[in-house]
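The structure file entry-v5.tsv is reproduced below (TSV, C-alpha atoms and all ligand atoms).
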```tsv
chain	number	residue	atom	x	y	z
U	1	MET	CA	-16.25	-24.65	3.87
U	2	THR	CA	-19.85	-24.22	4.99
U	3	GLU	CA	-20.86	-21.67	7.57
U	4	ASP	CA	-23.46	-22.48	10.20
U	5	THR	CA	-26.18	-20.07	11.24
U	6	ASP	CA	-24.00	-18.47	13.97
U	7	GLY	CA	-21.41	-17.51	11.37
U	8	LEU	CA	-19.04	-20.18	12.61
U	9	ALA	CA	-17.07	-22.42	10.29
U	10	PRO	CA	-15.01	-25.56	10.92
U	11	ALA	CA	-11.57	-24.77	12.38
U	12	GLY	CA	-9.68	-27.93	11.50
U	13	PRO	CA	-6.21	-27.90	9.99
U	14	PHE	CA	-5.61	-27.20	6.34
U	15	THR	CA	-4.72	-30.10	4.07
U	16	PRO	CA	-1.00	-31.00	4.06
U	17	GLU	CA	-0.63	-29.27	0.68
U	18	GLU	CA	-2.33	-26.11	1.93
U	19	ARG	CA	-0.17	-26.08	5.05
U	20	ALA	CA	2.96	-26.53	3.00
U	21	ALA	CA	1.95	-23.57	0.85
U	22	VAL	CA	1.44	-21.33	3.87
U	23	TYR	CA	4.80	-22.27	5.38
U	24	ARG	CA	6.46	-21.89	1.99
U	25	ALA	CA	5.15	-18.36	1.65
U	26	ILE	CA	6.48	-17.56	5.13
U	27	ARG	CA	9.87	-19.17	4.51
U	28	GLN	CA	10.42	-17.88	1.00
U	29	ARG	CA	9.17	-14.32	1.54
U	30	ARG	CA	12.07	-11.95	0.94
U	31	ASP	CA	12.71	-8.25	1.15
U	32	VAL	CA	13.28	-7.12	-2.42
U	33	ARG	CA	15.35	-4.09	-3.31
U	34	GLY	CA	16.93	-4.44	-6.68
U	35	GLN	CA	15.30	-7.21	-8.65
U	36	PHE	CA	12.05	-5.56	-9.73
U	37	ARG	CA	10.87	-6.13	-13.27
U	38	PRO	CA	9.33	-3.10	-14.97
U	39	ASP	CA	6.12	-4.83	-16.08
U	40	PRO	CA	3.03	-3.53	-14.27
U	41	VAL	CA	1.22	-5.35	-11.52
U	42	ASP	CA	-2.23	-6.39	-12.68
U	43	PRO	CA	-4.84	-4.25	-10.86
U	44	ALA	CA	-6.77	-7.35	-9.76
U	45	THR	CA	-3.61	-8.79	-8.20
U	46	LEU	CA	-2.85	-5.53	-6.45
U	47	ARG	CA	-6.41	-5.49	-5.16
U	48	ARG	CA	-5.92	-9.00	-3.71
U	49	LEU	CA	-2.77	-7.83	-1.94
U	50	LEU	CA	-4.61	-4.85	-0.46
U	51	GLN	CA	-7.45	-7.14	0.57
U	52	ALA	CA	-4.94	-9.43	2.31
U	53	ALA	CA	-3.61	-6.40	4.20
U	54	HIS	CA	-7.14	-5.32	5.08
U	55	ASP	CA	-7.90	-8.83	6.39
U	56	ALA	CA	-5.27	-8.34	9.12
U	57	PRO	CA	-6.10	-8.41	12.81
U	58	SER	CA	-6.39	-5.02	14.47
U	59	VAL	CA	-6.84	-3.83	18.01
U	60	GLY	CA	-10.58	-3.51	18.74
U	61	LEU	CA	-11.17	-4.11	15.01
U	62	SER	CA	-10.12	-0.50	14.57
U	63	GLN	CA	-8.47	-1.09	11.14
U	64	PRO	CA	-6.25	1.97	11.51
U	65	TRP	CA	-4.59	1.61	8.10
U	66	ASN	CA	-4.84	3.50	4.84
U	67	PHE	CA	-3.14	2.56	1.60
U	68	ILE	CA	-1.55	5.36	-0.41
U	69	LEU	CA	-0.51	4.34	-3.92
U	70	ILE	CA	2.21	6.66	-5.20
U	71	ARG	CA	2.04	6.87	-8.98
U	72	ASP	CA	3.12	10.44	-9.76
U	73	PRO	CA	6.73	10.43	-11.07
U	74	GLY	CA	7.47	13.78	-9.42
U	75	THR	CA	6.34	12.49	-6.03
U	76	ARG	CA	8.41	9.35	-6.54
U	77	GLN	CA	11.44	11.48	-7.32
U	78	ARG	CA	10.93	13.61	-4.19
U	79	LEU	CA	10.66	10.44	-2.12
U	80	HIS	CA	13.82	9.08	-3.71
U	81	ASP	CA	15.63	12.32	-2.89
U	82	ALA	CA	14.38	12.08	0.70
U	83	PHE	CA	15.66	8.51	0.87
U	84	GLN	CA	19.08	9.56	-0.38
U	85	THR	CA	19.37	12.31	2.22
U	86	ALA	CA	18.36	9.92	5.00
U	87	ASN	CA	20.59	7.16	3.68
U	88	ALA	CA	23.64	9.41	3.67
U	89	GLN	CA	22.91	10.21	7.33
U	90	ALA	CA	22.38	6.53	8.16
U	91	ALA	CA	25.66	5.53	6.49
U	92	THR	CA	27.61	7.59	9.03
U	93	ARG	CA	26.31	5.31	11.80
U	94	PHE	CA	28.36	2.38	10.54
U	95	PRO	CA	31.90	3.77	10.25
U	96	ASP	CA	33.51	0.31	10.49
U	97	ARG	CA	31.36	-1.06	7.66
U	98	LYS	CA	31.05	1.99	5.47
U	99	ALA	CA	32.06	0.26	2.25
U	100	LEU	CA	29.71	-2.67	2.81
U	101	TYR	CA	26.84	-0.34	3.77
U	102	SER	CA	27.35	1.76	0.67
U	103	SER	CA	27.30	-1.36	-1.51
U	104	LEU	CA	23.83	-2.36	-0.26
U	105	LYS	CA	20.82	-1.42	-2.34
U	106	LEU	CA	18.17	-0.53	0.20
U	107	GLN	CA	15.19	0.62	-1.89
U	108	GLY	CA	13.55	0.31	-5.30
U	109	ILE	CA	11.51	3.53	-5.28
U	110	LEU	CA	12.07	4.49	-8.91
U	111	GLU	CA	12.22	0.98	-10.40
U	112	ALA	CA	9.31	-0.77	-8.71
U	113	PRO	CA	6.05	-0.44	-10.67
U	114	VAL	CA	4.05	0.05	-7.47
U	115	ASN	CA	4.97	2.22	-4.49
U	116	LEU	CA	2.63	1.93	-1.52
U	117	CYS	CA	2.66	3.67	1.82
U	118	ILE	CA	0.66	1.98	4.56
U	119	THR	CA	-0.26	4.48	7.23
U	120	CYS	CA	-1.76	4.32	10.69
U	121	ASP	CA	-4.53	6.74	11.69
U	122	ARG	CA	-3.91	7.17	15.41
U	123	THR	CA	-7.46	8.43	15.95
U	124	ARG	CA	-9.26	5.59	14.10
U	125	GLY	CA	-11.95	4.09	16.29
U	126	GLY	CA	-12.26	7.16	18.52
U	127	PRO	CA	-10.73	7.94	21.92
U	128	HIS	CA	-11.41	4.50	23.42
U	129	VAL	CA	-10.53	1.43	21.40
U	130	LEU	CA	-11.09	-1.99	22.90
U	131	GLY	CA	-7.67	-3.43	23.76
U	132	ARG	CA	-5.74	-0.18	23.33
U	133	THR	CA	-6.40	1.43	26.72
U	134	HIS	CA	-3.14	0.30	28.28
U	135	ASP	CA	-0.96	0.12	25.21
U	136	ALA	CA	-1.36	2.98	22.78
U	137	ALA	CA	1.08	1.40	20.33
U	138	THR	CA	-1.31	-1.45	19.49
U	139	ASP	CA	-2.65	0.52	16.52
U	140	LEU	CA	0.87	0.57	15.09
U	141	TYR	CA	1.27	-3.16	15.73
U	142	SER	CA	-2.06	-3.73	13.95
U	143	THR	CA	-0.79	-1.84	10.93
U	144	ALA	CA	2.40	-3.91	10.92
U	145	CYS	CA	0.19	-7.03	10.83
U	146	ALA	CA	-1.43	-5.62	7.67
U	147	VAL	CA	1.99	-5.11	6.12
U	148	GLN	CA	3.00	-8.68	6.83
U	149	ASN	CA	-0.25	-10.06	5.41
U	150	LEU	CA	0.41	-8.18	2.19
U	151	TRP	CA	4.04	-9.32	2.10
U	152	LEU	CA	3.08	-12.99	2.44
U	153	ALA	CA	0.26	-12.77	-0.10
U	154	ALA	CA	2.67	-11.08	-2.50
U	155	ARG	CA	5.09	-13.98	-2.18
U	156	ALA	CA	2.33	-16.39	-3.12
U	157	GLU	CA	1.53	-14.19	-6.17
U	158	GLY	CA	5.18	-14.10	-7.30
U	159	ILE	CA	5.36	-10.41	-6.46
U	160	GLY	CA	8.28	-8.92	-4.59
U	161	VAL	CA	7.96	-6.40	-1.76
U	162	GLY	CA	10.67	-4.23	-0.24
U	163	TRP	CA	10.17	-2.20	2.93
U	164	VAL	CA	11.95	1.15	2.93
U	165	SER	CA	12.27	2.80	6.34
U	166	ILE	CA	15.27	5.00	5.59
U	167	PHE	CA	13.33	8.25	5.59
U	168	ASP	CA	13.05	11.21	7.86
U	169	LEU	CA	9.41	10.64	8.85
U	170	ASP	CA	8.69	14.36	8.68
U	171	ASP	CA	9.87	14.35	5.05
U	172	LEU	CA	7.70	11.34	4.25
U	173	SER	CA	4.65	12.86	5.95
U	174	ARG	CA	5.14	16.19	4.19
U	175	ILE	CA	5.60	14.69	0.72
U	176	LEU	CA	2.52	12.50	1.15
U	177	ALA	CA	0.51	15.34	2.76
U	178	LEU	CA	-0.35	13.23	5.78
U	179	PRO	CA	-2.47	14.95	8.42
U	180	ASP	CA	-0.94	15.16	11.92
U	181	HIS	CA	-2.93	12.23	13.29
U	182	VAL	CA	-1.73	9.86	10.55
U	183	VAL	CA	1.74	8.31	10.68
U	184	PRO	CA	3.54	6.39	7.96
U	185	VAL	CA	4.23	2.83	9.07
U	186	ALA	CA	5.59	1.17	5.95
U	187	TYR	CA	6.81	2.46	2.62
U	188	LEU	CA	6.72	-0.50	0.24
U	189	CYS	CA	8.18	-1.01	-3.22
U	190	ILE	CA	6.21	-3.70	-5.05
U	191	GLY	CA	6.63	-5.46	-8.36
U	192	HIS	CA	7.18	-8.70	-10.20
U	193	VAL	CA	10.44	-10.48	-9.55
U	194	THR	CA	12.03	-13.36	-11.41
U	195	GLU	CA	14.46	-14.51	-8.72
U	196	LEU	CA	14.65	-14.17	-4.98
U	197	TYR	CA	17.46	-14.69	-2.52
U	198	GLN	CA	17.14	-18.02	-0.70
U	199	GLN	CA	18.18	-16.35	2.54
U	200	PRO	CA	17.89	-12.74	3.66
U	201	GLU	CA	20.00	-10.60	1.35
U	202	LEU	CA	21.65	-8.99	4.37
U	203	GLN	CA	22.78	-12.47	5.40
U	204	ALA	CA	24.00	-13.36	1.90
U	205	ARG	CA	26.03	-10.15	1.87
U	206	GLY	CA	27.56	-10.67	5.30
U	207	TRP	CA	25.75	-7.85	7.11
U	208	ALA	CA	23.90	-9.98	9.69
U	209	ASP	CA	23.00	-13.59	10.44
U	210	ARG	CA	19.71	-15.18	11.38
U	211	LEU	CA	19.76	-15.99	15.10
U	212	PRO	CA	19.22	-19.61	16.19
U	213	LEU	CA	15.57	-20.00	17.25
U	214	ASP	CA	16.54	-22.06	20.30
U	215	ASP	CA	18.56	-19.14	21.67
U	216	LEU	CA	15.41	-17.01	21.68
U	217	ILE	CA	13.05	-19.32	23.59
U	218	PHE	CA	12.78	-18.79	27.35
U	219	GLN	CA	10.65	-20.55	29.91
U	220	ASP	CA	8.61	-18.74	32.55
U	221	ALA	CA	10.90	-15.73	32.81
U	222	TRP	CA	13.43	-13.75	30.85
U	223	GLY	CA	16.72	-15.56	30.39
U	224	THR	CA	15.68	-19.03	31.57
U	225	PRO	CA	16.14	-21.62	28.81
U	226	PRO	CA	13.49	-24.36	28.57
U	227	SER	CA	14.34	-27.43	30.66
W	301	LIG	C1	10.28	-2.57	9.83
W	301	LIG	C2	11.23	-2.96	8.72
W	301	LIG	C3	11.99	-1.97	8.10
W	301	LIG	C4	12.86	-2.31	7.05
W	301	LIG	C5	12.97	-3.66	6.66
W	301	LIG	C6	12.19	-4.65	7.29
W	301	LIG	C7	11.32	-4.30	8.30
W	301	LIG	C8	10.49	-5.38	8.95
W	301	LIG	N1	13.83	-3.99	5.63
W	301	LIG	C9	13.98	-5.39	5.24
W	301	LIG	C10	14.92	-6.15	6.15
W	301	LIG	O1	16.26	-5.77	5.90
W	301	LIG	C11	14.73	-7.64	5.89
W	301	LIG	O2	13.41	-7.96	6.23
W	301	LIG	C12	15.66	-8.51	6.69
W	301	LIG	O3	16.98	-8.29	6.29
W	301	LIG	C13	15.33	-9.99	6.52
W	301	LIG	O4	15.35	-10.32	5.15
W	301	LIG	P1	14.09	-10.96	4.44
W	301	LIG	O5	12.94	-10.02	4.65
W	301	LIG	O6	13.82	-12.28	5.10
W	301	LIG	O7	14.47	-11.11	3.00
W	301	LIG	C14	14.47	-2.99	4.92
W	301	LIG	N2	15.23	-3.31	3.83
W	301	LIG	C15	15.85	-2.33	3.12
W	301	LIG	O8	16.54	-2.64	2.14
W	301	LIG	N3	15.70	-1.02	3.44
W	301	LIG	C16	14.97	-0.64	4.53
W	301	LIG	O9	14.87	0.55	4.80
W	301	LIG	C17	14.33	-1.65	5.30
W	301	LIG	N4	13.58	-1.35	6.39
```
Translate this file's structure into structure tokens.
Amino acid sequence: MTEDTDGLAPAGPFTPEERAAVYRAIRQRRDVRGQFRPDPVDPATLRRLLQAAHDAPSVGLSQPWNFILIRDPGTRQRLHDAFQTANAQAATRFPDRKALYSSLKLQGILEAPVNLCITCDRTRGGPHVLGRTHDAATDLYSTACAVQNLWLAARAEGIGVGWVSIFDLDDLSRILALPDHVVPVAYLCIGHVTELYQQPELQARGWADRLPLDDLIFQDAWGTPPS
């Protein structure tokens, strides 16, 4: 693709093959908990994943993210302990499905070769960020966009990603020494995988079903189906 002097480039569609690859990455991306292989992720590949995250859109181009790679085994163990405490609390919220909940593997903190926390600096860009004036949460949404970019790029690389949110956020912030103005958005376990579920694992295991898209589309106002 050639750029013109204004920095603009043609905006036509991708080739059919390129489009198919994009939709395939979206469709076949999975949350990975238990299938990580122990072999390391090549640093150049990891760098591409971080670049994909950094290429995400962000409110006012504020780029509020940081990427904390957790390599120290002691820190990993403390995070695993924090997960277990939080998970025991979470399990009590599903008394009717206790056995099923307990059978689910919901993290790969100790097995995954890469652990990555993507944070959001709530002060990035200063007190006034273009687009954030009326919705302070847009920095968090921006960071979630970075997570999804990384997740999709990882699928294309044959690398699995699992999002772990079963933490007391104070525990997570303390263990990672986050300053007060930085919040953890996503704790990710990352590594090579040989096989992936064809549908969400929670669906395969009977925890939840994917909702029909047509039930979610309204026209003009909440609750009105398209005519
Ligand atoms: C914000 C957020 C937080 C979490 C998740 C996802 C997201 C977006 N997911 C993964 C989640 O269960 C999964 O995405 C859905 O079940 C759909 O499956 P696929 O991602 O399509 O495989 C997730 N999975 C898990 O095993 N432990 C967890 O703590 C979390 N937390």
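For ligand LIG 301 (chain W), the neighbouring polymer residues at 8 Å or closer are Arg27, Gln28, Arg29, Arg30, Asp31, Val32, Arg33, Leu104, Lys105, Leu106, Gln107, Gly162, Trp163, Val164, Ser165, Ile166, Phe167, Ala186, Tyr197, Gln199, Pro200, Glu201, Leu202, Gln203 and Ala208 of chain U, all atoms listed in the file being used.
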Near range 192-195 of chain U, within 7 Å and counting only C-alpha atoms, which residues show up once chain neighbours fewer than 3 positions away are dropped, as a PyMOL selection string?
chain U and resi 35-37+41+158-160
Might you pull out every residue within 10 Å of Thr75 in chain U, with all atoms listed in the file counted and same-chain residues fewer than 5 positions away left off, and present them as a VMD selection string?
chain U and resid 70 80 to 81 175 to 176
Against range 129-151 of chain U, which residues of range 43-98 of chain U fall within 12 Å? For each one I want the closest pair of atoms and the distance in Å (one decimal), counting all atoms listed in the file, rows by chain and increasing residue number, as a Markdown table.
```
| residue | atom | partner | partner_atom | distance |
| --- | --- | --- | --- | --- |
| U:Thr45 | CA | U:Leu150 | CA | 11.2 |
| U:Leu46 | CA | U:Leu150 | CA | 9.6 |
| U:Arg47 | CA | U:Leu150 | CA | 10.4 |
| U:Arg48 | CA | U:Leu150 | CA | 8.7 |
| U:Leu49 | CA | U:Leu150 | CA | 5.2 |
| U:Leu50 | CA | U:Leu150 | CA | 6.6 |
| U:Gln51 | CA | U:Leu150 | CA | 8.1 |
| U:Ala52 | CA | U:Leu150 | CA | 5.5 |
| U:Ala53 | CA | U:Ala146 | CA | 4.2 |
| U:His54 | CA | U:Ala146 | CA | 6.3 |
| U:Asp55 | CA | U:Ala146 | CA | 7.3 |
| U:Ala56 | CA | U:Ala146 | CA | 4.9 |
| U:Pro57 | CA | U:Ser142 | CA | 6.3 |
| U:Ser58 | CA | U:Ser142 | CA | 4.5 |
| U:Val59 | CA | U:Gly131 | CA | 5.8 |
| U:Gly60 | CA | U:Leu130 | CA | 4.5 |
| U:Leu61 | CA | U:Leu130 | CA | 8.2 |
| U:Ser62 | CA | U:Val129 | CA | 7.1 |
| U:Gln63 | CA | U:Ser142 | CA | 7.5 |
| U:Pro64 | CA | U:Asp139 | CA | 6.3 |
| U:Trp65 | CA | U:Thr143 | CA | 5.9 |
| U:Asn66 | CA | U:Thr143 | CA | 9.1 |
| U:Phe67 | CA | U:Val147 | CA | 10.3 |
```
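Nearest to Gly108 in chain U of all the residues U:Cys189, U:Pro127, U:Ile26, U:Ala204 is U:Cys189, based on all atoms listed in the file.
Counting from CA of Arg205 in chain U, the distance to CA of Phe94 in chain U is 15.4 Å.
If you look at CA of Leu169 in chain U and CA of Val183 in chain U, they are 8.2 Å away from each other.
Counting from CA of Glu18 in chain U, the distance to CA of Asp6 in chain U is 25.9 Å.
The residue that comes closest to Arg24 in chain U, out of U:Ala156, U:Leu196, U:Val161, U:Ile217 and on the basis of all atoms listed in the file, is U:Ala156.
The shortest atom-to-atom distance to Leu110 in chain U, with only C-alpha atoms taken into account, belongs to U:Gly34 out of U:Gly125, U:Pro184, U:Pro95, U:Gly34.
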Pick from U:Val22, U:Glu111, U:Thr224, U:Ala11 nearest to Asp39 in chain U, counting only C-alpha atoms:
U:Glu111
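Distances to Ser102 in chain U were evaluated for U:Ala221, U:Ala20, U:Pro10, U:Trp207 using all atoms listed in the file, and the minimum falls at U:Trp207.
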